[in-house]
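Visitor: The following file, my_file-v2.cif, comprises mmCIF, N, CA and C atoms:
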```
data_input
#
loop_
_atom_site.group_PDB
_atom_site.id
_atom_site.type_symbol
_atom_site.label_atom_id
_atom_site.label_comp_id
_atom_site.auth_asym_id
_atom_site.auth_seq_id
_atom_site.Cartn_x
_atom_site.Cartn_y
_atom_site.Cartn_z
ATOM 1 N N MET G 17 -39.583 -28.721 -27.057
ATOM 2 C CA MET G 17 -40.085 -29.343 -25.842
ATOM 3 C C MET G 17 -41.058 -28.367 -25.186
ATOM 4 N N PRO G 18 -42.265 -28.774 -24.913
ATOM 5 C CA PRO G 18 -43.253 -27.888 -24.294
ATOM 6 C C PRO G 18 -42.913 -27.636 -22.833
ATOM 7 N N LEU G 19 -43.341 -26.468 -22.331
ATOM 8 C CA LEU G 19 -43.124 -26.133 -20.926
ATOM 9 C C LEU G 19 -43.997 -27.005 -20.045
ATOM 10 N N ALA G 20 -43.446 -27.385 -18.894
ATOM 11 C CA ALA G 20 -44.214 -28.191 -17.949
ATOM 12 C C ALA G 20 -45.284 -27.322 -17.302
ATOM 13 N N ARG G 21 -46.429 -27.903 -17.071
ATOM 14 C CA ARG G 21 -47.537 -27.187 -16.459
ATOM 15 C C ARG G 21 -48.049 -27.981 -15.274
ATOM 16 N N GLY G 22 -48.803 -27.324 -14.458
ATOM 17 C CA GLY G 22 -49.403 -27.993 -13.324
ATOM 18 C C GLY G 22 -48.776 -27.550 -12.017
ATOM 19 N N PRO G 23 -49.269 -28.123 -10.915
ATOM 20 C CA PRO G 23 -48.809 -27.711 -9.592
ATOM 21 C C PRO G 23 -47.317 -27.965 -9.377
ATOM 22 N N ARG G 24 -46.799 -29.036 -9.943
ATOM 23 C CA ARG G 24 -45.381 -29.357 -9.757
ATOM 24 C C ARG G 24 -44.498 -28.306 -10.433
ATOM 25 N N ALA G 25 -44.850 -27.894 -11.636
ATOM 26 C CA ALA G 25 -44.086 -26.881 -12.359
ATOM 27 C C ALA G 25 -44.162 -25.537 -11.635
ATOM 28 N N ILE G 26 -45.328 -25.208 -11.113
ATOM 29 C CA ILE G 26 -45.477 -23.948 -10.371
ATOM 30 C C ILE G 26 -44.614 -23.971 -9.114
ATOM 31 N N GLY G 27 -44.557 -25.117 -8.468
ATOM 32 C CA GLY G 27 -43.716 -25.267 -7.270
ATOM 33 C C GLY G 27 -42.242 -25.032 -7.586
ATOM 34 N N TRP G 28 -41.767 -25.591 -8.700
ATOM 35 C CA TRP G 28 -40.367 -25.394 -9.099
ATOM 36 C C TRP G 28 -40.085 -23.931 -9.426
ATOM 37 N N TRP G 29 -41.028 -23.268 -10.084
ATOM 38 C CA TRP G 29 -40.851 -21.852 -10.404
ATOM 39 C C TRP G 29 -40.814 -21.015 -9.132
ATOM 40 N N LEU G 30 -41.622 -21.351 -8.144
ATOM 41 C CA LEU G 30 -41.609 -20.616 -6.881
ATOM 42 C C LEU G 30 -40.278 -20.804 -6.143
ATOM 43 N N VAL G 31 -39.755 -22.021 -6.151
ATOM 44 C CA VAL G 31 -38.448 -22.284 -5.523
ATOM 45 C C VAL G 31 -37.360 -21.482 -6.242
ATOM 46 N N PHE G 32 -37.402 -21.498 -7.565
ATOM 47 C CA PHE G 32 -36.422 -20.752 -8.354
ATOM 48 C C PHE G 32 -36.510 -19.249 -8.062
ATOM 49 N N LEU G 33 -37.705 -18.715 -8.059
ATOM 50 C CA LEU G 33 -37.913 -17.298 -7.812
ATOM 51 C C LEU G 33 -37.462 -16.906 -6.400
ATOM 52 N N ALA G 34 -37.783 -17.738 -5.416
ATOM 53 C CA ALA G 34 -37.371 -17.457 -4.036
ATOM 54 C C ALA G 34 -35.850 -17.468 -3.916
ATOM 55 N N THR G 35 -35.192 -18.395 -4.586
ATOM 56 C CA THR G 35 -33.730 -18.466 -4.559
ATOM 57 C C THR G 35 -33.111 -17.221 -5.170
ATOM 58 N N VAL G 36 -33.646 -16.780 -6.287
ATOM 59 C CA VAL G 36 -33.133 -15.577 -6.952
ATOM 60 C C VAL G 36 -33.327 -14.360 -6.060
ATOM 61 N N LEU G 37 -34.482 -14.220 -5.448
ATOM 62 C CA LEU G 37 -34.752 -13.063 -4.602
ATOM 63 C C LEU G 37 -33.875 -13.054 -3.352
ATOM 64 N N VAL G 38 -33.690 -14.191 -2.726
ATOM 65 C CA VAL G 38 -32.850 -14.274 -1.527
ATOM 66 C C VAL G 38 -31.398 -13.973 -1.888
ATOM 67 N N THR G 39 -30.928 -14.539 -2.988
ATOM 68 C CA THR G 39 -29.548 -14.305 -3.422
ATOM 69 C C THR G 39 -29.335 -12.848 -3.788
ATOM 70 N N ALA G 40 -30.264 -12.250 -4.477
ATOM 71 C CA ALA G 40 -30.141 -10.843 -4.869
ATOM 72 C C ALA G 40 -30.125 -9.937 -3.643
ATOM 73 N N GLY G 41 -30.907 -10.268 -2.635
ATOM 74 C CA GLY G 41 -30.939 -9.467 -1.421
ATOM 75 C C GLY G 41 -29.630 -9.515 -0.664
ATOM 76 N N HIS G 42 -28.978 -10.666 -0.640
ATOM 77 C CA HIS G 42 -27.711 -10.814 0.082
ATOM 78 C C HIS G 42 -26.523 -10.336 -0.734
ATOM 79 N N ALA G 43 -26.628 -10.304 -2.034
ATOM 80 C CA ALA G 43 -25.502 -9.905 -2.870
ATOM 81 C C ALA G 43 -25.140 -8.444 -2.657
ATOM 82 N N SER G 44 -26.099 -7.611 -2.352
ATOM 83 C CA SER G 44 -25.811 -6.197 -2.173
ATOM 84 C C SER G 44 -25.381 -5.864 -0.750
ATOM 85 N N GLU G 45 -25.512 -6.797 0.158
ATOM 86 C CA GLU G 45 -25.182 -6.544 1.554
ATOM 87 C C GLU G 45 -23.725 -6.914 1.805
ATOM 88 N N ARG G 46 -22.950 -5.951 2.291
ATOM 89 C CA ARG G 46 -21.546 -6.209 2.611
ATOM 90 C C ARG G 46 -21.287 -5.745 4.027
ATOM 91 N N ARG G 47 -20.605 -6.571 4.748
ATOM 92 C CA ARG G 47 -20.240 -6.218 6.116
ATOM 93 C C ARG G 47 -18.737 -6.367 6.249
ATOM 94 N N TYR G 48 -18.100 -5.335 6.750
ATOM 95 C CA TYR G 48 -16.660 -5.348 6.951
ATOM 96 C C TYR G 48 -16.369 -5.216 8.436
ATOM 97 N N TYR G 49 -15.434 -5.996 8.899
ATOM 98 C CA TYR G 49 -15.040 -5.953 10.284
ATOM 99 C C TYR G 49 -13.540 -5.689 10.347
ATOM 100 N N PHE G 50 -13.149 -4.745 11.176
ATOM 101 C CA PHE G 50 -11.755 -4.383 11.313
ATOM 102 C C PHE G 50 -11.341 -4.551 12.763
ATOM 103 N N ASP G 51 -10.169 -5.099 12.959
ATOM 104 C CA ASP G 51 -9.592 -5.190 14.289
ATOM 105 C C ASP G 51 -8.485 -4.155 14.386
ATOM 106 N N GLU G 52 -8.509 -3.377 15.438
ATOM 107 C CA GLU G 52 -7.465 -2.382 15.640
ATOM 108 C C GLU G 52 -6.245 -3.056 16.233
ATOM 109 N N ILE G 53 -5.099 -2.776 15.657
ATOM 110 C CA ILE G 53 -3.848 -3.332 16.156
ATOM 111 C C ILE G 53 -3.214 -2.277 17.042
ATOM 112 N N GLY G 54 -2.953 -2.618 18.277
ATOM 113 C CA GLY G 54 -2.420 -1.640 19.211
ATOM 114 C C GLY G 54 -1.047 -2.014 19.723
ATOM 115 N N GLY G 55 -0.577 -1.250 20.684
ATOM 116 C CA GLY G 55 0.729 -1.494 21.288
ATOM 117 C C GLY G 55 1.851 -1.264 20.300
ATOM 118 N N ASP G 56 2.824 -2.149 20.295
ATOM 119 C CA ASP G 56 3.955 -2.011 19.374
ATOM 120 C C ASP G 56 3.610 -2.519 17.978
ATOM 121 N N ARG G 57 2.396 -2.967 17.786
ATOM 122 C CA ARG G 57 1.968 -3.488 16.491
ATOM 123 C C ARG G 57 1.091 -2.487 15.752
ATOM 124 N N LYS G 58 1.376 -1.207 15.846
ATOM 125 C CA LYS G 58 0.533 -0.219 15.195
ATOM 126 C C LYS G 58 1.355 0.648 14.240
ATOM 127 N N LEU G 59 0.651 1.425 13.454
ATOM 128 C CA LEU G 59 1.309 2.341 12.535
ATOM 129 C C LEU G 59 2.051 3.429 13.300
ATOM 130 N N VAL G 60 3.172 3.847 12.758
ATOM 131 C CA VAL G 60 3.949 4.911 13.373
ATOM 132 C C VAL G 60 3.273 6.260 13.161
ATOM 133 N N SER G 61 2.439 6.368 12.126
ATOM 134 C CA SER G 61 1.727 7.601 11.820
ATOM 135 C C SER G 61 0.366 7.248 11.235
ATOM 136 N N HIS G 62 -0.644 8.047 11.528
ATOM 137 C CA HIS G 62 -1.973 7.806 10.962
ATOM 138 C C HIS G 62 -2.124 8.388 9.573
ATOM 139 N N ASP G 63 -1.122 9.126 9.122
ATOM 140 C CA ASP G 63 -1.142 9.733 7.791
ATOM 141 C C ASP G 63 -0.453 8.813 6.791
ATOM 142 N N VAL G 64 -1.202 7.944 6.155
ATOM 143 C CA VAL G 64 -0.647 7.037 5.154
ATOM 144 C C VAL G 64 -0.629 7.767 3.815
ATOM 145 N N THR G 65 0.563 7.893 3.236
ATOM 146 C CA THR G 65 0.731 8.633 1.991
ATOM 147 C C THR G 65 0.955 7.722 0.788
ATOM 148 N N ALA G 66 1.241 6.449 1.024
ATOM 149 C CA ALA G 66 1.453 5.499 -0.066
ATOM 150 C C ALA G 66 1.131 4.098 0.441
ATOM 151 N N LEU G 67 0.620 3.258 -0.449
ATOM 152 C CA LEU G 67 0.242 1.894 -0.094
ATOM 153 C C LEU G 67 0.620 0.982 -1.245
ATOM 154 N N PHE G 68 1.239 -0.172 -0.930
ATOM 155 C CA PHE G 68 1.711 -1.078 -1.974
ATOM 156 C C PHE G 68 1.753 -2.502 -1.430
ATOM 157 N N GLN G 69 1.356 -3.481 -2.251
ATOM 158 C CA GLN G 69 1.509 -4.890 -1.876
ATOM 159 C C GLN G 69 2.510 -5.505 -2.831
ATOM 160 N N ASP G 70 3.586 -6.083 -2.291
ATOM 161 C CA ASP G 70 4.632 -6.640 -3.147
ATOM 162 C C ASP G 70 4.291 -8.052 -3.617
ATOM 163 N N ARG G 71 5.167 -8.617 -4.422
ATOM 164 C CA ARG G 71 4.928 -9.942 -5.017
ATOM 165 C C ARG G 71 4.826 -11.063 -3.987
ATOM 166 N N THR G 72 5.464 -10.874 -2.841
ATOM 167 C CA THR G 72 5.434 -11.915 -1.808
ATOM 168 C C THR G 72 4.255 -11.766 -0.856
ATOM 169 N N GLY G 73 3.493 -10.672 -0.985
ATOM 170 C CA GLY G 73 2.304 -10.496 -0.168
ATOM 171 C C GLY G 73 2.440 -9.483 0.945
ATOM 172 N N TYR G 74 3.657 -8.975 1.182
ATOM 173 C CA TYR G 74 3.814 -7.956 2.211
ATOM 174 C C TYR G 74 3.080 -6.687 1.799
ATOM 175 N N LEU G 75 2.515 -6.008 2.772
ATOM 176 C CA LEU G 75 1.864 -4.729 2.555
ATOM 177 C C LEU G 75 2.808 -3.646 3.051
ATOM 178 N N TRP G 76 3.132 -2.710 2.170
ATOM 179 C CA TRP G 76 4.038 -1.611 2.492
ATOM 180 C C TRP G 76 3.230 -0.335 2.606
ATOM 181 N N LEU G 77 3.433 0.397 3.707
ATOM 182 C CA LEU G 77 2.717 1.636 3.954
ATOM 183 C C LEU G 77 3.722 2.766 4.109
ATOM 184 N N GLY G 78 3.598 3.762 3.260
ATOM 185 C CA GLY G 78 4.426 4.944 3.384
ATOM 186 C C GLY G 78 3.709 5.957 4.242
ATOM 187 N N THR G 79 4.416 6.525 5.199
ATOM 188 C CA THR G 79 3.838 7.534 6.089
ATOM 189 C C THR G 79 4.766 8.747 6.132
ATOM 190 N N GLN G 80 4.356 9.740 6.874
ATOM 191 C CA GLN G 80 5.185 10.923 7.047
ATOM 192 C C GLN G 80 6.322 10.670 8.030
ATOM 193 N N SER G 81 6.291 9.503 8.678
ATOM 194 C CA SER G 81 7.312 9.180 9.680
ATOM 195 C C SER G 81 8.116 7.933 9.342
ATOM 196 N N GLY G 82 8.001 7.440 8.125
ATOM 197 C CA GLY G 82 8.782 6.269 7.735
ATOM 198 C C GLY G 82 7.997 5.311 6.860
ATOM 199 N N LEU G 83 8.650 4.226 6.518
ATOM 200 C CA LEU G 83 8.077 3.167 5.690
ATOM 201 C C LEU G 83 7.843 1.958 6.585
ATOM 202 N N GLN G 84 6.635 1.392 6.522
ATOM 203 C CA GLN G 84 6.338 0.225 7.344
ATOM 204 C C GLN G 84 5.923 -0.948 6.477
ATOM 205 N N ARG G 85 6.476 -2.115 6.806
ATOM 206 C CA ARG G 85 6.109 -3.364 6.140
ATOM 207 C C ARG G 85 5.218 -4.147 7.093
ATOM 208 N N TYR G 86 4.052 -4.576 6.584
ATOM 209 C CA TYR G 86 3.090 -5.328 7.401
ATOM 210 C C TYR G 86 2.987 -6.740 6.853
ATOM 211 N N ASP G 87 3.190 -7.734 7.712
ATOM 212 C CA ASP G 87 3.163 -9.138 7.287
ATOM 213 C C ASP G 87 1.864 -9.844 7.656
ATOM 214 N N GLY G 88 0.891 -9.109 8.132
ATOM 215 C CA GLY G 88 -0.369 -9.704 8.560
ATOM 216 C C GLY G 88 -0.465 -9.825 10.064
ATOM 217 N N TYR G 89 0.662 -9.657 10.749
ATOM 218 C CA TYR G 89 0.694 -9.753 12.202
ATOM 219 C C TYR G 89 1.376 -8.544 12.843
ATOM 220 N N ASN G 90 2.507 -8.143 12.278
ATOM 221 C CA ASN G 90 3.307 -7.071 12.865
ATOM 222 C C ASN G 90 3.805 -6.110 11.791
ATOM 223 N N TYR G 91 4.181 -4.925 12.248
ATOM 224 C CA TYR G 91 4.788 -3.920 11.387
ATOM 225 C C TYR G 91 6.293 -3.883 11.641
ATOM 226 N N HIS G 92 7.049 -3.661 10.583
ATOM 227 C CA HIS G 92 8.486 -3.420 10.704
ATOM 228 C C HIS G 92 8.741 -2.037 10.130
ATOM 229 N N LEU G 93 9.378 -1.177 10.914
ATOM 230 C CA LEU G 93 9.573 0.218 10.541
ATOM 231 C C LEU G 93 10.947 0.446 9.922
ATOM 232 N N PHE G 94 10.957 1.166 8.801
ATOM 233 C CA PHE G 94 12.187 1.621 8.156
ATOM 234 C C PHE G 94 12.149 3.145 8.171
ATOM 235 N N ARG G 95 13.234 3.771 8.640
ATOM 236 C CA ARG G 95 13.313 5.231 8.749
ATOM 237 C C ARG G 95 14.665 5.727 8.273
ATOM 238 N N HIS G 96 14.725 7.028 8.079
ATOM 239 C CA HIS G 96 16.005 7.670 7.810
ATOM 240 C C HIS G 96 16.760 7.810 9.124
ATOM 241 N N VAL G 97 17.986 7.343 9.146
ATOM 242 C CA VAL G 97 18.869 7.501 10.301
ATOM 243 C C VAL G 97 20.067 8.308 9.818
ATOM 244 N N PRO G 98 20.262 9.517 10.340
ATOM 245 C CA PRO G 98 21.300 10.406 9.817
ATOM 246 C C PRO G 98 22.705 9.799 9.756
ATOM 247 N N ASP G 99 23.090 8.991 10.724
ATOM 248 C CA ASP G 99 24.441 8.419 10.747
ATOM 249 C C ASP G 99 24.555 7.089 10.014
ATOM 250 N N ASP G 100 23.466 6.616 9.429
ATOM 251 C CA ASP G 100 23.473 5.318 8.740
ATOM 252 C C ASP G 100 23.250 5.516 7.240
ATOM 253 N N PRO G 101 24.294 5.350 6.422
ATOM 254 C CA PRO G 101 24.137 5.545 4.974
ATOM 255 C C PRO G 101 23.259 4.475 4.313
ATOM 256 N N GLU G 102 22.987 3.371 4.999
ATOM 257 C CA GLU G 102 22.161 2.302 4.442
ATOM 258 C C GLU G 102 20.677 2.484 4.763
ATOM 259 N N SER G 103 20.349 3.510 5.543
ATOM 260 C CA SER G 103 18.945 3.753 5.872
ATOM 261 C C SER G 103 18.268 4.494 4.727
ATOM 262 N N LEU G 104 16.978 4.730 4.867
ATOM 263 C CA LEU G 104 16.230 5.461 3.840
ATOM 264 C C LEU G 104 16.774 6.881 3.687
ATOM 265 N N PRO G 105 16.693 7.443 2.495
ATOM 266 C CA PRO G 105 17.168 8.813 2.307
ATOM 267 C C PRO G 105 16.295 9.849 3.021
ATOM 268 N N ASP G 106 15.043 9.511 3.284
ATOM 269 C CA ASP G 106 14.115 10.418 3.981
ATOM 270 C C ASP G 106 13.043 9.562 4.642
ATOM 271 N N SER G 107 12.456 10.065 5.710
ATOM 272 C CA SER G 107 11.390 9.326 6.397
ATOM 273 C C SER G 107 9.999 9.700 5.894
ATOM 274 N N PHE G 108 9.883 10.756 5.126
ATOM 275 C CA PHE G 108 8.590 11.164 4.572
ATOM 276 C C PHE G 108 8.422 10.425 3.239
ATOM 277 N N ILE G 109 7.593 9.381 3.227
ATOM 278 C CA ILE G 109 7.426 8.517 2.058
ATOM 279 C C ILE G 109 6.190 8.963 1.265
ATOM 280 N N THR G 110 6.366 9.208 -0.030
ATOM 281 C CA THR G 110 5.241 9.650 -0.865
ATOM 282 C C THR G 110 4.897 8.653 -1.965
ATOM 283 N N ALA G 111 5.790 7.702 -2.263
ATOM 284 C CA ALA G 111 5.523 6.720 -3.315
ATOM 285 C C ALA G 111 6.303 5.446 -3.026
ATOM 286 N N ILE G 112 5.733 4.321 -3.462
ATOM 287 C CA ILE G 112 6.378 3.015 -3.278
ATOM 288 C C ILE G 112 6.291 2.262 -4.606
ATOM 289 N N ALA G 113 7.395 1.649 -5.033
ATOM 290 C CA ALA G 113 7.420 0.850 -6.256
ATOM 291 C C ALA G 113 8.320 -0.354 -6.034
ATOM 292 N N GLN G 114 8.115 -1.380 -6.816
ATOM 293 C CA GLN G 114 8.915 -2.602 -6.708
ATOM 294 C C GLN G 114 9.686 -2.776 -8.005
ATOM 295 N N ASP G 115 10.975 -3.115 -7.888
ATOM 296 C CA ASP G 115 11.773 -3.380 -9.084
ATOM 297 C C ASP G 115 12.106 -4.866 -9.159
ATOM 298 N N ALA G 116 12.873 -5.225 -10.151
ATOM 299 C CA ALA G 116 13.256 -6.630 -10.345
ATOM 300 C C ALA G 116 14.083 -7.111 -9.180
#
```
I need this file expressed as structure tokens, please.
Guide:
Amino acid sequence: MPLARGPRAIGWWLVFLATVLVTAGHASERRYYFDEIGGDRKLVSHDVTALFQDRTGYLWLGTQSGLQRYDGYNYHLFRHVPDDPESLPDSFITAIAQDA
């Protein structure tokens, strides 16, 4: 099949070229916006030592002051409590893993 020629074909090529150039220009541009969570909805420590997302979607953050679970709205803090044998063995978290 021969290539189309004439003003109509040139017009289509210009539209195609403009689309490619506009798309290429926007593809490299990324903008990220972050909202700071304050009050009781913030990290217990700014030193995050471990980060993990579990199968259900919770984000777990290990810090030097405990383990925090983030559900997209609030943090829940888990810490070592000396008189509670069911608490974490230590509040300084360096790794997070999920088991069965």
Visitor: Name the residues captured by the PyMOL selection byres ((chain G and resi 84) around 8) when it is applied to the shown file; answer as a VMD selection string.
Guide: chain G and resid 59 to 60 74 to 79 81 to 83 85 to 87 90 to 95
Visitor: Please compute the CA of Leu67 (chain G)-CA of Asp106 (chain G) distance, one decimal, in Å.
Guide: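 Calculated distance between CA of Leu67 (chain G) and CA of Asp106 (chain G) is 16.8 Å.
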Visitor: Suppose you want the space between atom N of Asp70 (chain G) and CA of Ala111 (chain G); what is it in Å?
Guide: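 Value for the atom N of Asp70 (chain G)-CA of Ala111 (chain G) distance: 13.0 Å.
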Visitor: Can you tell me how far atom N of Ile109 (chain G) sits from atom N of Gln80 (chain G), in Å to one decimal?
Guide: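 Taking atom N of Ile109 (chain G) as the start and atom N of Gln80 (chain G) as the end point, the length is 4.9 Å.
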